[in-house]
>>> print(open('work11.txt').read())   # compact mmCIF, C-alpha atoms and all ligand atoms
# COMPACT_ATOMS: atom_id res chain seq x y z
CA MET Z 1 -70.14 -0.87 46.06
CA ALA Z 2 -71.44 2.50 45.02
CA VAL Z 3 -68.22 4.05 46.29
CA ASN Z 4 -66.07 1.61 44.19
CA ALA Z 5 -67.98 2.23 40.96
CA SER Z 6 -67.54 5.96 41.29
CA ALA Z 7 -63.74 5.47 41.76
CA GLU Z 8 -63.40 3.46 38.42
CA ASP Z 9 -65.41 5.97 36.42
CA GLN Z 10 -63.49 8.89 37.77
CA SER Z 11 -61.56 10.65 35.01
CA HIS Z 12 -58.27 12.30 35.90
CA LYS Z 13 -57.00 15.41 34.32
CA ALA Z 14 -54.03 14.80 32.03
CA HIS Z 15 -50.68 15.83 33.41
CA ARG Z 16 -49.70 19.25 32.30
CA SER Z 17 -46.00 19.70 32.23
CA ARG Z 18 -44.56 22.94 33.43
CA LYS Z 19 -44.22 25.60 30.85
CA SER Z 20 -42.34 28.12 32.89
CA GLY Z 21 -40.30 28.46 35.98
CA PRO Z 22 -37.02 26.76 37.01
CA ASN Z 23 -38.51 23.24 36.93
CA ALA Z 24 -39.51 23.54 33.26
CA LYS Z 25 -35.91 24.41 32.36
CA LYS Z 26 -34.46 21.55 34.38
CA LYS Z 27 -36.36 18.72 32.69
CA PRO Z 28 -34.18 16.75 30.24
CA THR Z 29 -35.49 16.59 26.70
CA ASN Z 30 -34.42 14.67 23.62
CA ASP Z 31 -33.52 16.20 20.21
CA LYS Z 32 -37.04 16.52 18.98
CA GLY Z 33 -38.02 18.52 22.04
CA LYS Z 34 -39.77 15.60 23.64
CA LYS Z 35 -39.18 15.08 27.30
CA LYS Z 36 -37.09 12.02 28.18
CA GLU Z 37 -39.93 10.09 29.61
CA GLU Z 38 -41.96 10.77 26.46
CA VAL Z 39 -39.37 9.07 24.08
CA SER Z 40 -40.95 5.82 23.11
CA GLU Z 41 -39.13 2.51 23.06
CA ASN Z 42 -39.50 2.44 19.26
CA ASP Z 43 -37.81 5.79 18.79
CA ARG Z 44 -34.90 4.71 20.96
CA LYS Z 45 -34.24 1.67 18.80
CA ARG Z 46 -34.27 3.73 15.62
CA ASN Z 47 -31.44 6.10 16.43
CA PRO Z 48 -30.61 7.91 13.18
CA LYS Z 49 -27.21 9.02 14.49
CA ALA Z 50 -25.95 5.49 14.97
CA PHE Z 51 -25.21 4.73 11.28
CA ALA Z 52 -25.35 8.06 9.51
CA PHE Z 53 -22.61 10.64 9.19
CA ASN Z 54 -22.75 14.29 9.89
CA SER Z 55 -19.82 15.47 7.81
CA SER Z 56 -19.27 14.42 4.20
CA VAL Z 57 -15.55 15.29 4.46
CA LYS Z 58 -15.16 13.01 7.43
CA ALA Z 59 -17.08 10.26 5.66
CA LYS Z 60 -14.83 10.55 2.60
CA ARG Z 61 -11.75 10.34 4.79
CA LEU Z 62 -13.11 7.30 6.59
CA GLN Z 63 -13.91 5.62 3.32
CA SER Z 64 -10.48 6.22 1.82
CA ARG Z 65 -8.86 4.95 5.00
CA ALA Z 66 -10.91 1.79 4.84
CA VAL Z 67 -9.90 1.25 1.21
CA GLU Z 68 -6.25 1.84 2.10
CA LYS Z 69 -6.44 -0.68 4.93
CA GLU Z 70 -7.99 -3.21 2.62
CA GLN Z 71 -5.25 -2.71 0.02
CA ARG Z 72 -2.57 -3.06 2.68
CA ARG Z 73 -4.13 -6.33 3.70
CA LEU Z 74 -4.09 -7.55 0.11
CA HIS Z 75 -0.46 -6.62 -0.58
CA VAL Z 76 2.46 -8.29 1.12
CA PRO Z 77 4.53 -5.55 2.80
CA ILE Z 78 7.84 -4.88 1.10
CA ILE Z 79 10.71 -5.49 3.46
CA ASP Z 80 13.82 -3.53 2.74
CA ARG Z 81 16.78 -5.75 3.56
CA CYS Z 82 19.36 -3.11 2.69
CA TYR Z 83 21.96 -2.28 5.27
CA GLY Z 84 22.98 1.36 5.80
CA GLU Z 85 22.42 4.02 3.19
CA PRO Z 86 20.16 2.95 0.32
CA ALA Z 87 22.00 2.23 -2.94
CA PRO Z 88 21.49 4.71 -5.78
CA TYR Z 89 18.43 4.24 -7.95
CA ILE Z 90 19.33 3.11 -11.44
CA ILE Z 91 17.94 5.15 -14.30
CA VAL Z 92 18.30 3.47 -17.66
CA VAL Z 93 18.13 5.78 -20.67
CA GLN Z 94 16.97 3.82 -23.67
CA GLY Z 95 16.11 4.69 -27.24
CA PRO Z 96 16.98 4.08 -30.87
CA PRO Z 97 20.36 5.26 -32.25
CA GLN Z 98 20.95 9.02 -32.46
CA VAL Z 99 17.81 9.89 -30.50
CA GLY Z 100 19.71 11.90 -27.89
CA LYS Z 101 20.44 9.45 -25.03
CA SER Z 102 23.96 10.70 -24.31
CA LEU Z 103 22.86 14.30 -24.57
CA LEU Z 104 20.04 13.75 -22.08
CA ILE Z 105 22.38 12.06 -19.56
CA LYS Z 106 24.90 14.89 -19.97
CA SER Z 107 22.15 17.48 -19.47
CA LEU Z 108 20.81 15.77 -16.35
CA VAL Z 109 24.31 15.35 -14.87
CA LYS Z 110 25.02 19.01 -15.59
CA HIS Z 111 21.76 19.98 -13.90
CA TYR Z 112 22.43 17.94 -10.76
CA THR Z 113 26.17 18.43 -10.32
CA LYS Z 114 27.13 21.49 -12.44
CA HIS Z 115 29.81 19.32 -14.09
CA ASN Z 116 30.24 18.84 -17.81
CA LEU Z 117 30.46 15.21 -18.75
CA PRO Z 118 32.61 14.82 -21.89
CA ASP Z 119 31.65 11.23 -22.60
CA VAL Z 120 29.01 8.81 -21.31
CA ARG Z 121 30.59 5.46 -20.51
CA GLY Z 122 29.40 3.07 -17.82
CA PRO Z 123 27.19 4.01 -14.87
CA ILE Z 124 27.35 7.60 -13.61
CA THR Z 125 26.50 8.03 -9.95
CA ILE Z 126 25.37 11.39 -8.64
CA VAL Z 127 23.96 12.78 -5.40
CA SER Z 128 20.64 14.32 -6.35
CA GLY Z 129 19.30 15.20 -2.91
CA LYS Z 130 19.86 14.82 0.80
CA GLN Z 131 18.41 11.34 0.78
CA ARG Z 132 18.78 10.23 -2.79
CA ARG Z 133 21.47 9.13 -5.21
CA LEU Z 134 20.92 8.29 -8.83
CA GLN Z 135 22.89 6.18 -11.25
CA PHE Z 136 22.46 6.91 -14.96
CA VAL Z 137 23.15 4.18 -17.48
CA GLU Z 138 22.79 4.33 -21.23
CA CYS Z 139 21.15 1.21 -22.59
CA PRO Z 140 23.00 -0.38 -25.51
CA ASN Z 141 21.02 -1.01 -28.65
CA ASP Z 142 21.55 -4.75 -28.87
CA ILE Z 143 19.16 -7.34 -27.52
CA ASN Z 144 21.57 -8.68 -24.86
CA GLY Z 145 22.27 -5.21 -23.55
CA MET Z 146 18.55 -4.53 -23.32
CA ILE Z 147 17.90 -7.76 -21.40
CA ASP Z 148 20.68 -6.87 -18.94
CA ALA Z 149 19.37 -3.32 -18.50
CA ALA Z 150 15.84 -4.55 -17.83
CA LYS Z 151 17.18 -6.58 -14.91
CA PHE Z 152 18.50 -3.65 -12.92
CA ALA Z 153 16.50 -0.58 -14.05
CA ASP Z 154 14.52 1.21 -11.33
CA LEU Z 155 13.32 3.82 -13.80
CA THR Z 156 13.49 3.73 -17.58
CA LEU Z 157 13.54 6.87 -19.67
CA LEU Z 158 12.30 5.83 -23.08
CA LEU Z 159 13.55 8.31 -25.64
CA ILE Z 160 11.40 8.62 -28.72
CA ASP Z 161 12.23 10.61 -31.81
CA GLY Z 162 9.12 12.76 -32.17
CA ASN Z 163 9.87 13.43 -35.81
CA TYR Z 164 10.01 9.73 -36.66
CA GLY Z 165 7.66 8.12 -34.11
CA PHE Z 166 8.03 4.84 -32.28
CA GLU Z 167 10.79 2.56 -33.48
CA MET Z 168 11.48 -1.15 -33.18
CA GLU Z 169 13.99 -0.71 -30.33
CA THR Z 170 11.36 0.89 -28.09
CA PHE Z 171 8.86 -1.93 -28.59
CA GLU Z 172 11.53 -4.57 -28.09
CA PHE Z 173 12.69 -2.99 -24.87
CA LEU Z 174 9.14 -2.57 -23.58
CA ASN Z 175 8.48 -6.21 -24.26
CA ILE Z 176 11.62 -7.20 -22.36
CA LEU Z 177 10.65 -4.89 -19.48
CA HIS Z 178 7.24 -6.54 -19.24
CA HIS Z 179 8.95 -9.89 -18.77
CA HIS Z 180 11.19 -8.54 -16.04
CA GLY Z 181 8.48 -7.11 -13.79
CA LEU Z 182 8.04 -3.70 -15.46
CA PRO Z 183 9.85 -1.03 -13.45
CA LYS Z 184 8.77 2.63 -13.69
CA VAL Z 185 8.74 3.95 -17.23
CA MET Z 186 8.72 7.52 -18.45
CA GLY Z 187 8.73 8.64 -22.08
CA VAL Z 188 10.76 11.55 -23.45
CA LEU Z 189 10.03 12.99 -26.90
CA THR Z 190 12.99 14.59 -28.65
CA HIS Z 191 13.64 16.21 -32.03
CA LEU Z 192 10.43 18.22 -31.76
CA ASP Z 193 12.21 21.26 -33.18
CA LYS Z 194 12.11 19.59 -36.59
CA PHE Z 195 8.39 20.41 -36.86
CA LYS Z 196 7.80 23.70 -38.61
CA ASP Z 197 4.01 23.63 -38.35
CA ALA Z 198 2.67 24.19 -34.80
CA LYS Z 199 -0.61 22.41 -35.54
CA LYS Z 200 1.17 19.35 -36.88
CA LEU Z 201 3.39 19.33 -33.81
CA ARG Z 202 0.40 19.46 -31.48
CA LYS Z 203 -1.33 16.62 -33.34
CA THR Z 204 1.83 14.46 -33.32
CA LYS Z 205 2.28 15.03 -29.59
CA GLN Z 206 -1.29 13.90 -28.96
CA ARG Z 207 -0.95 10.86 -31.21
CA LEU Z 208 2.33 9.73 -29.66
CA LYS Z 209 1.00 10.30 -26.16
CA HIS Z 210 -1.98 8.03 -26.76
CA ARG Z 211 0.21 5.41 -28.42
CA PHE Z 212 2.51 5.56 -25.40
CA TRP Z 213 -0.43 5.19 -23.02
CA THR Z 214 -1.57 2.09 -24.93
CA GLU Z 215 1.84 0.54 -24.45
CA ILE Z 216 2.34 1.41 -20.75
CA ARG Z 217 -0.86 2.57 -19.05
CA THR Z 218 -3.27 5.46 -19.36
CA GLY Z 219 -1.75 8.56 -17.84
CA ALA Z 220 1.89 7.40 -18.10
CA LYS Z 221 4.19 10.41 -17.99
CA LEU Z 222 5.57 11.67 -21.28
CA PHE Z 223 8.01 14.59 -21.37
CA TYR Z 224 8.63 16.83 -24.33
CA LEU Z 225 12.08 18.20 -25.11
CA SER Z 226 11.26 20.89 -27.62
CA GLY Z 227 14.71 21.30 -29.12
CA LEU Z 228 18.31 22.30 -28.68
CA ILE Z 229 19.65 25.61 -27.41
CA HIS Z 230 23.39 25.95 -28.11
CA GLY Z 231 23.56 22.20 -28.70
CA LYS Z 232 21.90 21.36 -25.37
CA TYR Z 233 18.35 20.71 -24.22
CA SER Z 234 16.49 23.65 -22.71
CA LYS Z 235 17.43 24.20 -19.05
CA ARG Z 236 13.81 24.60 -17.99
CA GLU Z 237 12.73 21.30 -19.55
CA VAL Z 238 15.70 19.43 -18.09
CA HIS Z 239 14.94 21.02 -14.72
CA ASN Z 240 11.34 19.79 -14.87
CA LEU Z 241 12.42 16.28 -15.78
CA ALA Z 242 15.10 16.25 -13.05
CA ARG Z 243 12.59 17.50 -10.48
CA PHE Z 244 10.20 14.74 -11.45
CA ILE Z 245 12.91 12.11 -11.01
CA SER Z 246 14.04 13.60 -7.69
CA VAL Z 247 10.64 13.28 -6.04
CA MET Z 248 9.54 10.05 -7.70
CA LYS Z 249 8.57 7.15 -5.47
CA PHE Z 250 10.22 3.90 -6.44
CA GLN Z 251 8.48 0.63 -5.78
CA PRO Z 252 11.05 -2.14 -5.44
CA LEU Z 253 10.27 -5.27 -7.43
CA SER Z 254 9.81 -8.29 -5.19
CA TRP Z 255 12.29 -10.58 -6.98
CA ARG Z 256 15.01 -7.98 -6.68
CA THR Z 257 14.51 -7.35 -2.98
CA ASN Z 258 15.08 -11.06 -2.30
CA HIS Z 259 18.24 -11.49 -4.38
CA PRO Z 260 21.57 -9.70 -4.13
CA TYR Z 261 22.76 -8.00 -7.30
CA VAL Z 262 25.43 -5.52 -8.27
CA LEU Z 263 25.61 -3.13 -11.18
CA VAL Z 264 29.36 -3.01 -11.82
CA ASP Z 265 30.60 0.55 -12.20
CA ARG Z 266 34.27 -0.40 -12.48
CA PHE Z 267 36.34 -3.52 -12.90
CA GLU Z 268 40.00 -4.36 -12.62
CA ASP Z 269 42.13 -7.24 -13.84
CA VAL Z 270 44.20 -8.41 -10.85
CA THR Z 271 45.79 -11.48 -12.44
CA PRO Z 272 49.43 -11.83 -11.28
CA PRO Z 273 51.65 -10.61 -14.16
CA GLU Z 274 53.93 -13.68 -13.98
CA ARG Z 275 50.92 -15.92 -14.70
CA MET Z 276 50.05 -13.77 -17.69
CA HIS Z 277 53.66 -13.97 -18.92
CA ALA Z 278 53.60 -17.75 -18.69
CA ASN Z 279 50.29 -18.09 -20.51
CA ASN Z 280 48.61 -15.19 -22.19
CA LYS Z 281 45.26 -17.00 -22.26
CA CYS Z 282 45.23 -18.08 -18.61
CA ASP Z 283 42.14 -17.71 -16.39
CA ARG Z 284 42.05 -14.15 -15.12
CA ASN Z 285 41.23 -12.84 -11.67
CA ILE Z 286 38.85 -9.92 -11.90
CA THR Z 287 37.75 -7.53 -9.18
CA LEU Z 288 34.36 -5.95 -9.73
CA TYR Z 289 33.20 -2.80 -7.95
CA GLY Z 290 29.66 -1.59 -7.48
CA TYR Z 291 26.82 -0.94 -5.06
CA LEU Z 292 25.21 -4.05 -3.62
CA ARG Z 293 21.44 -4.05 -3.92
CA GLY Z 294 18.69 -6.41 -2.91
CA CYS Z 295 19.88 -8.36 0.12
CA ASN Z 296 23.21 -9.45 1.60
CA LEU Z 297 25.78 -11.25 -0.49
CA LYS Z 298 27.34 -14.23 1.27
CA TYR Z 299 30.85 -15.60 0.88
CA GLY Z 300 31.07 -18.68 -1.26
CA THR Z 301 27.87 -18.10 -3.19
CA LYS Z 302 27.92 -18.55 -6.92
CA VAL Z 303 27.41 -15.43 -8.95
CA HIS Z 304 26.11 -15.03 -12.45
CA ILE Z 305 27.81 -12.40 -14.57
CA ALA Z 306 25.39 -11.42 -17.30
CA GLY Z 307 26.65 -12.49 -20.68
CA VAL Z 308 29.66 -14.30 -19.24
CA GLY Z 309 28.48 -17.16 -17.03
CA ASP Z 310 28.46 -18.51 -13.48
CA PHE Z 311 31.46 -18.03 -11.24
CA GLU Z 312 32.61 -18.81 -7.74
CA LEU Z 313 32.96 -15.72 -5.58
CA ALA Z 314 36.48 -15.64 -4.09
CA SER Z 315 35.82 -12.84 -1.60
CA VAL Z 316 33.62 -9.84 -0.90
CA THR Z 317 35.01 -6.67 0.64
CA SER Z 318 33.10 -3.65 1.86
CA LEU Z 319 34.72 -0.41 0.70
CA ALA Z 320 34.25 3.24 1.57
CA ASP Z 321 31.41 4.84 -0.35
CA PRO Z 322 32.87 6.74 -3.32
CA CYS Z 323 29.80 8.96 -3.59
CA PRO Z 324 28.32 9.26 -0.08
CA LEU Z 325 25.12 11.03 0.86
CA PRO Z 326 25.63 14.37 2.63
CA SER Z 327 25.65 14.42 6.42
CA ALA Z 328 22.21 14.82 7.96
CA ALA Z 329 22.46 18.49 8.90
CA LYS Z 330 19.22 20.41 9.38
CA LYS Z 331 19.32 22.54 6.31
CA LYS Z 332 17.40 22.76 3.11
CA GLY Z 333 18.80 21.51 -0.18
CA LEU Z 334 22.34 20.60 -1.09
CA ARG Z 335 25.42 22.77 -1.10
CA ASP Z 336 27.48 22.73 -4.31
CA LYS Z 337 30.24 20.84 -2.47
CA GLU Z 338 27.82 18.06 -1.64
CA LYS Z 339 26.70 17.58 -5.25
CA LEU Z 340 29.11 14.72 -5.72
CA PHE Z 341 29.36 12.44 -8.64
CA TYR Z 342 31.26 9.30 -9.51
CA ALA Z 343 31.79 8.04 -13.02
CA PRO Z 344 34.96 5.96 -13.13
CA MET Z 345 34.34 4.45 -16.57
CA SER Z 346 33.77 7.93 -18.01
CA GLY Z 347 37.10 8.92 -16.47
CA LEU Z 348 35.56 11.50 -14.17
CA GLY Z 349 35.48 11.94 -10.43
CA ASP Z 350 38.39 12.94 -8.23
CA LEU Z 351 38.58 9.82 -6.09
CA LEU Z 352 38.97 6.27 -7.28
CA TYR Z 353 38.47 3.54 -4.70
CA ASP Z 354 40.43 0.39 -5.13
CA LYS Z 355 40.56 -2.87 -3.19
CA ASP Z 356 43.74 -1.80 -1.41
CA ALA Z 357 44.14 1.92 -2.19
CA VAL Z 358 42.38 5.20 -2.86
CA TYR Z 359 43.55 7.21 -5.87
CA ILE Z 360 43.32 10.97 -6.12
CA ASN Z 361 43.06 12.40 -9.57
CA ILE Z 362 44.76 15.78 -9.80
CA ASN Z 363 44.01 18.07 -12.68
CA ASP Z 364 46.92 19.36 -14.71
CA HIS Z 365 46.29 22.98 -13.84
CA PHE Z 366 46.68 22.24 -10.11
CA VAL Z 367 50.19 20.92 -10.54
CA GLN Z 368 52.92 23.46 -9.89
CA TYR Z 369 56.58 22.94 -10.54
CA SER Z 370 59.24 24.92 -8.73
CA LYS Z 371 62.57 25.78 -10.29
CA VAL Z 372 65.61 24.16 -8.75
CA ASP Z 373 69.09 25.63 -9.08
CA ASP Z 374 70.58 22.80 -11.10
CA ASP Z 375 67.81 23.28 -13.68
CA LYS Z 376 65.98 20.15 -12.62
CA GLU Z 377 62.25 20.49 -12.12
CA VAL Z 378 60.83 18.99 -8.97
CA PRO Z 379 57.10 18.88 -8.58
CA THR Z 380 55.76 20.63 -5.47
CA GLY Z 381 52.54 22.20 -4.27
CA LYS Z 382 49.11 20.71 -4.36
CA GLY Z 383 49.91 17.81 -6.67
CA ASN Z 384 52.90 15.63 -7.05
CA PHE Z 385 52.00 13.97 -10.31
CA SER Z 386 50.14 15.44 -13.16
CA SER Z 387 46.92 13.63 -13.98
CA THR Z 388 48.21 10.48 -12.41
CA ASN Z 389 46.39 8.07 -10.21
CA PHE Z 390 48.21 8.33 -6.93
CA PRO Z 391 47.70 5.85 -4.08
CA ARG Z 392 46.88 7.71 -0.87
CA SER Z 393 46.06 5.23 1.82
CA SER Z 394 45.14 1.67 2.42
CA PRO Z 395 41.76 1.00 4.01
N1 LIG Z 401 17.57 18.92 -33.61
C1 LIG Z 401 17.72 18.11 -32.57
N2 LIG Z 401 18.83 17.37 -32.46
C2 LIG Z 401 18.95 16.55 -31.40
C3 LIG Z 401 17.95 16.46 -30.41
N3 LIG Z 401 18.36 15.58 -29.49
C4 LIG Z 401 19.57 15.13 -29.88
N4 LIG Z 401 19.93 15.71 -31.02
C5 LIG Z 401 21.18 15.50 -31.79
O1 LIG Z 401 21.25 14.13 -32.14
C6 LIG Z 401 22.60 13.73 -32.18
C7 LIG Z 401 22.76 12.44 -31.41
O2 LIG Z 401 22.71 12.67 -30.04
P1 LIG Z 401 23.29 11.61 -29.02
O3 LIG Z 401 23.01 12.13 -27.65
O4 LIG Z 401 24.69 11.27 -29.32
O5 LIG Z 401 22.37 10.37 -29.34
P2 LIG Z 401 22.53 8.90 -28.80
O6 LIG Z 401 21.17 8.33 -28.69
O7 LIG Z 401 23.36 8.87 -27.56
O8 LIG Z 401 23.30 8.22 -29.98
P3 LIG Z 401 23.95 6.76 -29.96
O9 LIG Z 401 24.74 6.65 -28.69
O10 LIG Z 401 24.77 6.73 -31.19
O11 LIG Z 401 22.82 5.79 -30.00
C8 LIG Z 401 23.43 14.85 -31.59
O12 LIG Z 401 24.09 15.52 -32.61
C9 LIG Z 401 22.41 15.75 -30.94
O13 LIG Z 401 22.79 17.08 -30.99
C10 LIG Z 401 16.77 17.28 -30.55
O14 LIG Z 401 15.84 17.26 -29.75
N5 LIG Z 401 16.71 18.08 -31.66
>>> encode(input="work11.txt", output="structure tokens")
Amino acid sequence: MAVNASAEDQSHKAHRSRKSGPNAKKKPTNDKGKKKEEVSENDRKRNPKAFAFNSSVKAKRLQSRAVEKEQRRLHVPIIDRCYGEPAPYIIVVQGPPQVGKSLLIKSLVKHYTKHNLPDVRGPITIVSGKQRRLQFVECPNDINGMIDAAKFADLTLLLIDGNYGFEMETFEFLNILHHHGLPKVMGVLTHLDKFKDAKKLRKTKQRLKHRFWTEIRTGAKLFYLSGLIHGKYSKREVHNLARFISVMKFQPLSWRTNHPYVLVDRFEDVTPPERMHANNKCDRNITLYGYLRGCNLKYGTKVHIAGVGDFELASVTSLADPCPLPSAAKKKGLRDKEKLFYAPMSGLGDLLYDKDAVYININDHFVQYSKVDDDKEVPTGKGNFSSTNFPRSSP
């Protein structure tokens, strides 16, 4: 018994871990310098690394990714049902009378294509980049024209006379746009050269900008065209505006992606002449040309022509692209040759595509006539007919 009692009372020396030598180095330790066996169960459960972050940059990135994922979940993905090359984006230029709509379209066309447009009539299609085509349309100043324009506009340039301020036409058009799903809107202030006082100009710019933000949204883009140089807008300002349009991201409106629609850039009356002779007021057959947008157009579907009514579609034909995108070569930018444009209603563009023919427009100065002995002139050389639409081939 005496032996047992002495064994219970015996006190052992505490274990002294090695402080030096190879064994001391070998022992695994945790972060706080404690040896593995010394980490308590409680410490192990409260691992600070499990939920904290080390890098604030990484945390920010993770957070923004999570927000993005959440937004993607909330929005239905937009399915592009277009076949082949995307149709040109339509840019509607709107504003009160004499604000400078035609001049702005002419300046932008000149910037993109280096061509002078004498007159703005109908849609003007241009190639603005390797992947992008644009179609400029001037919005008429009547209510029906505005309603039609709001239906197809991808981007609206709202021209505002800076000297006068907002006018009724702008508010009307904005109201119509709101009812059609509000496409992208950018404001352009013109007639700023009429201000003589710099301070007044600055104040007006500020005032109009805030008024514009109230109408659209805070931060909506407003461009300033400070005046005319030789009857045209400043090259630098037009360049900035064109650059902005070239890189802009367009969000297709859901109704439009689910319905086929065409902005007609040319039309032709193909009624047989004998029918017209018999009755001058007979029903006409009309062929309409334009880029198909939205989704596919089926044979036999009824079409609505804005301002005219509903019609039966007799046939749909796919034609060669009159203003194609450049070939996908690995080079930067566009060559001058590739800066195509197509404006049949304005009477410009060298090629005119018809249902059964392609017409080449030859300028007068390309036509050469050679002298023939019997004093009759026979056209030769590059062109056979001067400024005449000449059928080349049938597709
Ligand atoms: N001083 C000045 N004149 C301008 C400015 N912008 C346009 N103009 C002039 O305003 C006149 C009308 O320009 P247009 O481009 O024909 O205007 P518009 O809006 O197409 O006119 P409508 O088609 O009749 O509605 C032209 O004589 C232009 O030179 C500007 O910023 N300053």
>>> closest_atom_pairs(input="work11.txt", of="chain Z", to="ligand LIG 401 (chain Z)", cutoff="6 Å", atoms="all atoms listed in the file", output="Markdown table")
| residue | atom | partner | partner_atom | distance |
| --- | --- | --- | --- | --- |
| Z:Pro97 | CA | Z:LIG401 | O11 | 3.4 |
| Z:Gln98 | CA | Z:LIG401 | O8 | 3.5 |
| Z:Val99 | CA | Z:LIG401 | O6 | 4.1 |
| Z:Gly100 | CA | Z:LIG401 | O3 | 3.3 |
| Z:Lys101 | CA | Z:LIG401 | O6 | 3.9 |
| Z:Ser102 | CA | Z:LIG401 | O3 | 3.8 |
| Z:Leu103 | CA | Z:LIG401 | O3 | 3.8 |
| Z:Thr190 | CA | Z:LIG401 | O14 | 4.1 |
| Z:His191 | CA | Z:LIG401 | O14 | 3.3 |
| Z:Leu192 | CA | Z:LIG401 | O14 | 5.9 |
| Z:Asp193 | CA | Z:LIG401 | N5 | 5.7 |
| Z:Gly227 | CA | Z:LIG401 | O14 | 4.2 |
| Z:Leu228 | CA | Z:LIG401 | N5 | 5.4 |
| Z:Gly231 | CA | Z:LIG401 | O13 | 5.7 |
>>> atom_distance(input="work11.txt", atom1="CA of Asp154 in chain Z", atom2="CA of Pro183 in chain Z")
5.6 Å
>>> atom_distance(input="work11.txt", atom1="CA of Glu85 in chain Z", atom2="CA of Glu312 in chain Z")
27.3 Å
>>> closest_residue(input="work11.txt", among="Z:Tyr299, Z:Tyr291, Z:Phe152, Z:Tyr261", to="Leu182 in chain Z", atoms="all atoms listed in the file")
Z:Phe152
>>> closest_residue(input="work11.txt", among="Z:Leu134, Z:Ala87, Z:Ala50, Z:Leu159", to="Asp321 in chain Z", atoms="only C-alpha atoms")
Z:Ala87
>>> atom_distance(input="work11.txt", atom1="CA of Ala220 in chain Z", atom2="CA of Val93 in chain Z")
16.5 Å
>>> closest_residue(input="work11.txt", among="Z:Asp142, Z:Asp119, Z:Asp43, Z:Asp265", to="Glu169 in chain Z", atoms="all atoms listed in the file")
Z:Asp142
